[in-house]
Amino acid sequence: MVIVNTTAVELSLGTGGTHFVIFNYSNESKKLHGNGHIMKLRYTPLQLKCLAVEEESSPYHHIFEEFKSLDEHVYIVGSLHSMLAPIAAMLKYLKNDIKINYIMTDGGSLPIYFSNTVRTLKENGLINNTITIGHAFGGDLECTNIYTGLIAAKEILDGDITIITMGPGIVGTGTKYGFSGIEQGQIVDAINTLGGEPIIVPRISFKDSRPRHMGISHHTRTVLSEIVKTPGKVVLPKLDEYKLKIIKDQITSLNIHKKHEIFYEEGYKITNAMDKYGLYITTMGRGYEEDKEYFWTLGAVGAFVIGMLK
């Protein structure tokens, strides 16, 4: 007999819309396995212990004690989990030997195991290692917050690029500040505080039926104009004149260009990259053919970053 949480299915939710087994009465194992004393999902019936890389019993504890700077290590900061695979594919397509690590925040899914995308990317060598921060869990490394996650990505995993997004699912309420992707601004500030190089991924679509997400999504506009306090590089795709005018008007109306560096890059090769690695990714249920500008944006980010490294 098992206890099952059916809430999300009953609400017909896309995010978390599946049944979850809470407890299996036939499993009588009561032993705790593994090291560590840091709890995730704290003070809930499902709290679990992990070995956080910062804690004193960790072999990496000294790294955080001795840390000085991220030394301009490049971090690509997205706001949706669907951004991860296309960006990683584009990076690998343009520079096959690049080493990519991934930090998953707790803005969406908490268990990284829930992401089929991460599993596919690791199996195909598109990302090398993962870090789960906050209450997210299950990564190759566990960290307590974004700051130590950033340090771990550079100092422990030693990659060329780190991509940061939440796990599957995003919370949105249709209000200006009520969405979990607002963390994008706080992450950019953390990167700048520690001396890294933030590349900001805008959420762009011309196929979303909701006006607030047309062109540059209101999520990105809010983050860039109000939430983030420090500058970053914002990469936009080269589009036709009509669509580009909409985007430029959104940028100038909020003075985003005065706060951040704006770059335009070709992103159409994203189809070559995803085809090469056999990836079929959707965003809000839409694939490449239904939402090309969204994917061109991710291709543009990958192409821009490879250009930076050269």
# chains A, B, ... in the order shown; residues from 1 in each chain; ligands from 1
call {"tool": "select_by_dssp", "arguments": {"residues": "segment 257-298 of chain A", "states": "strand (DSSP E)", "output": "list in words"}}
result
Glu261, Ile262, Phe263, Tyr264 and Glu265 of chain A
call {"tool": "closest_residue", "arguments": {"among": "A:Lys243, A:Lys40, A:Lys154, A:Lys248", "to": "Glu72 of chain A", "atoms": "only C-alpha atoms"}}
result
A:Lys154
call {"tool": "atom_distance", "arguments": {"atom1": "atom CA of Gly169 of chain A", "atom2": "atom CA of Lys259 of chain A"}}
result
29.0 Å
call {"tool": "atom_distance", "arguments": {"atom1": "atom CA of Glu55 of chain A", "atom2": "atom CA of Gly195 of chain A"}}
result
22.7 Å
call {"tool": "atom_distance", "arguments": {"atom1": "atom CA of Ser209 of chain A", "atom2": "atom CA of Asp275 of chain A"}}
result
27.1 Å
call {"tool": "closest_residue", "arguments": {"among": "A:Ser180, A:Asn116, A:Asn255, A:Thr297", "to": "Gly215 of chain A", "atoms": "only C-alpha atoms"}}
result
A:Thr297
call {"tool": "closest_residue", "arguments": {"among": "A:Phe23, A:Tyr60, A:Phe304, A:Tyr268", "to": "Glu155 of chain A", "atoms": "only C-alpha atoms"}}
result
A:Tyr60
call {"tool": "closest_residue", "arguments": {"among": "A:Ile306, A:Ile227, A:Leu48, A:Ile281", "to": "Met83 of chain A", "atoms": "only C-alpha atoms"}}
result
A:Ile281
call {"tool": "residues_around", "arguments": {"residues": "His61 of chain A", "least_positions_apart": "2", "cutoff": "12 Å", "atoms": "only C-alpha atoms", "output": "list in words"}}
result
Leu51, Ala52, Val53, Glu54, Glu55, Glu56, Ser57, Ser58, Pro59, Ile63, Phe64, Glu65, Glu66, Phe67, Cys143, Thr148, Ile151, Ala152, Glu155 and Ile156 of chain A
call {"tool": "closest_residue", "arguments": {"among": "A:Gly125, A:Pro86, A:Gly36, A:Gly167", "to": "Tyr288 of chain A", "atoms": "only C-alpha atoms"}}
result
A:Pro86
call {"tool": "residues_around", "arguments": {"residues": "Ile163 of chain A", "least_positions_apart": "4", "cutoff": "10 Å", "atoms": "only C-alpha atoms", "output": "PyMOL selection string"}}
result
chain A and resi 74-78+83-85+87-88+100-104+127+130+153+199
call {"tool": "closest_residue", "arguments": {"among": "A:Val21, A:Ile98, A:Val9, A:Val223", "to": "Lys310 of chain A", "atoms": "only C-alpha atoms"}}
result
A:Ile98
